[in-house]
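Have a look at the structure below, then the notes.
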Amino acid sequence: YQDTFEMITLYHEIQSRASGEKIAVCSISIRKDEFRLVMENADITENGLVYLMDEQGNVVVNSNEELYQWLVQESLFPQTGEEVTFGQTRIGDVPYYISRQDVGESGWQMVSLIPEWEYAGRYQIFIWQVILISIVIAIAITVVSGMLSGYYVGRLTKLRKEMTDLQ
């Protein structure tokens, strides 16, 4: 009895630097279920989707099976296209940020979809964190400045009193 697993394999030609001719082929294989775990961790939002698509537009693996199935059923699934670093698209009535990256020269693409509302929500949390940290730092600077100025003014006052006494 031997377990069998679906595998994802990437092949890459290795060429001679001197002549440019193909001298070998390197292959890397990973179990599909292991790759799905990688994809799930690559998805930075709860309602986003990251997927790997082959050259025919077939999804090899995705990070959110529920969203993927819904997009397919509603015929809203984005097909292959040109590389996009950070673009915008609409899927139904929902605006999404889309990133589409070619995987080497394989014809495959890694695509990320993030709902705009979810991205904006995370961005607002970050802004509030920065504001809160700035306020805490300003208060700390004010307290430390007050303590230091009080210390040095006290020393100067003591020096002035001693100079007056000496006079």
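Residues in the structure tokens are numbered from 1 in each chain, the chains being A, B, ... in the order shown, and ligands are numbered from 1 in the order shown.
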Proximity of region 21-76 of chain A to region 92-102 of chain A: per-residue shortest pair, 9 Å limit, only C-alpha atoms, as JSON lines:
{"residue": "A:Gly48", "atom": "CA", "partner": "A:Tyr96", "partner_atom": "CA", "distance": 8.8}
{"residue": "A:Glu74", "atom": "CA", "partner": "A:Gly92", "partner_atom": "CA", "distance": 8.7}
{"residue": "A:Leu76", "atom": "CA", "partner": "A:Gly92", "partner_atom": "CA", "distance": 6.7}
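Per DSSP on the backbone, strand (DSSP E) in region 78-158 of chain A comprises Val84, Thr85, Phe86, Gly87, Gln88, Thr89, Arg90, Ile91, Val94, Pro95, Tyr96, Tyr97, Ile98, Ser99, Arg100, Gln101, Asp102, Val103, Trp108, Gln109, Met110, Val111, Ser112, Leu113, Ile114 and Pro115 of chain A.
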Using CA of Glu46 (chain A) and CA of Asn62 (chain A) as the two end points, give the distance in Å to one decimal. 13.4 Å
Looking only at the backbone, which of the residues in region 23-86 of chain A does DSSP tag as alpha helix (DSSP H), as a list in words? Lys32, Asp33, Glu34, Phe35, Arg36, Leu37, Val38, Met39, Glu40, Asn41, Ala42, Glu65, Glu66, Leu67, Tyr68, Gln69, Trp70, Leu71, Val72 and Gln73 of chain A
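Atom to atom, CA of Asp54 (chain A) and CA of Ser106 (chain A) stand 8.2 Å apart.
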Might you pull out every residue within 9 Å of Ser29 (chain A), with only C-alpha atoms counted and same-chain residues fewer than 4 positions away left off, and present them as a ChimeraX atom specification? /A:7-11
Kindly save the residues from that selection, with all heavy atoms included, as an mmCIF file, in the first residue's frame.
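Ended up saving to selection-v6.cif:
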data_model
loop_
_atom_site.group_PDB
_atom_site.id
_atom_site.type_symbol
_atom_site.label_atom_id
_atom_site.label_comp_id
_atom_site.auth_asym_id
_atom_site.auth_seq_id
_atom_site.Cartn_x
_atom_site.Cartn_y
_atom_site.Cartn_z
ATOM 1 N N MET A 7 0.538 16.412 -6.987
ATOM 2 C CA MET A 7 1.754 17.201 -6.856
ATOM 3 C C MET A 7 1.705 18.385 -7.820
ATOM 4 O O MET A 7 1.088 18.309 -8.878
ATOM 5 C CB MET A 7 2.990 16.350 -7.191
ATOM 6 C CG MET A 7 3.146 15.102 -6.353
ATOM 7 S SD MET A 7 3.549 15.433 -4.649
ATOM 8 C CE MET A 7 5.265 15.848 -4.762
ATOM 9 N N ILE A 8 2.387 19.455 -7.439
ATOM 10 C CA ILE A 8 2.620 20.588 -8.322
ATOM 11 C C ILE A 8 4.114 20.577 -8.608
ATOM 12 O O ILE A 8 4.934 20.579 -7.684
ATOM 13 C CB ILE A 8 2.200 21.915 -7.671
ATOM 14 C CG1 ILE A 8 0.694 21.911 -7.415
ATOM 15 C CG2 ILE A 8 2.607 23.091 -8.533
ATOM 16 C CD1 ILE A 8 0.199 23.095 -6.634
ATOM 17 N N THR A 9 4.463 20.552 -9.886
ATOM 18 C CA THR A 9 5.863 20.463 -10.273
ATOM 19 C C THR A 9 6.202 21.626 -11.190
ATOM 20 O O THR A 9 5.473 21.933 -12.126
ATOM 21 C CB THR A 9 6.153 19.133 -10.994
ATOM 22 O OG1 THR A 9 5.774 18.059 -10.133
ATOM 23 C CG2 THR A 9 7.620 19.006 -11.344
ATOM 24 N N LEU A 10 7.319 22.260 -10.914
ATOM 25 C CA LEU A 10 7.812 23.351 -11.740
ATOM 26 C C LEU A 10 9.128 22.897 -12.359
ATOM 27 O O LEU A 10 10.022 22.419 -11.660
ATOM 28 C CB LEU A 10 8.039 24.602 -10.882
ATOM 29 C CG LEU A 10 8.606 25.825 -11.584
ATOM 30 C CD1 LEU A 10 7.624 26.336 -12.641
ATOM 31 C CD2 LEU A 10 8.908 26.923 -10.587
ATOM 32 N N TYR A 11 9.224 23.013 -13.681
ATOM 33 C CA TYR A 11 10.443 22.662 -14.407
ATOM 34 C C TYR A 11 11.111 23.934 -14.891
ATOM 35 O O TYR A 11 10.449 24.871 -15.307
ATOM 36 C CB TYR A 11 10.105 21.788 -15.625
ATOM 37 C CG TYR A 11 9.510 20.459 -15.266
ATOM 38 C CD1 TYR A 11 8.132 20.275 -15.257
ATOM 39 C CD2 TYR A 11 10.320 19.383 -14.941
ATOM 40 C CE1 TYR A 11 7.579 19.054 -14.920
ATOM 41 C CE2 TYR A 11 9.773 18.158 -14.601
ATOM 42 C CZ TYR A 11 8.398 18.004 -14.596
ATOM 43 O OH TYR A 11 7.860 16.799 -14.264
#
Find the spatial neighbours of Val59 (chain A), counting only C-alpha atoms, within a cut-off of 10 Å - ignore same-chain residues fewer than 2 positions away - and output them as a PDB file with C-alpha atoms, in the first residue's frame.
ATOM      1  CA  TYR A  51      -4.562  31.566  -6.523  1.00  0.00           C
ATOM      2  CA  LEU A  52      -2.134  29.971  -8.947  1.00  0.00           C
ATOM      3  CA  MET A  53      -3.379  29.662 -12.518  1.00  0.00           C
ATOM      4  CA  ASP A  54      -1.817  27.588 -15.320  1.00  0.00           C
ATOM      5  CA  GLU A  55      -1.351  28.774 -18.908  1.00  0.00           C
ATOM      6  CA  GLN A  56      -4.853  27.546 -19.907  1.00  0.00           C
ATOM      7  CA  GLY A  57      -6.511  29.597 -17.149  1.00  0.00           C
ATOM      8  CA  VAL A  61      -4.537  25.839  -6.117  1.00  0.00           C
ATOM      9  CA  ASN A  62      -6.224  28.660  -4.198  1.00  0.00           C
ATOM     10  CA  TYR A  68     -13.303  30.593  -5.346  1.00  0.00           C
ATOM     11  CA  GLN A  79      -9.301  35.038 -16.176  1.00  0.00           C
ATOM     12  CA  TRP A 108       1.452  30.475 -15.052  1.00  0.00           C
ATOM     13  CA  GLN A 109       0.273  33.395 -12.942  1.00  0.00           C
ATOM     14  CA  MET A 110      -0.054  34.062  -9.217  1.00  0.00           C
TER      15      MET A 110
END
May I ask which of the residues A:Leu49, A:Gly87, A:Glu34, A:Glu21 is the closest one to Gln69 (chain A), counting only C-alpha atoms? A:Leu49
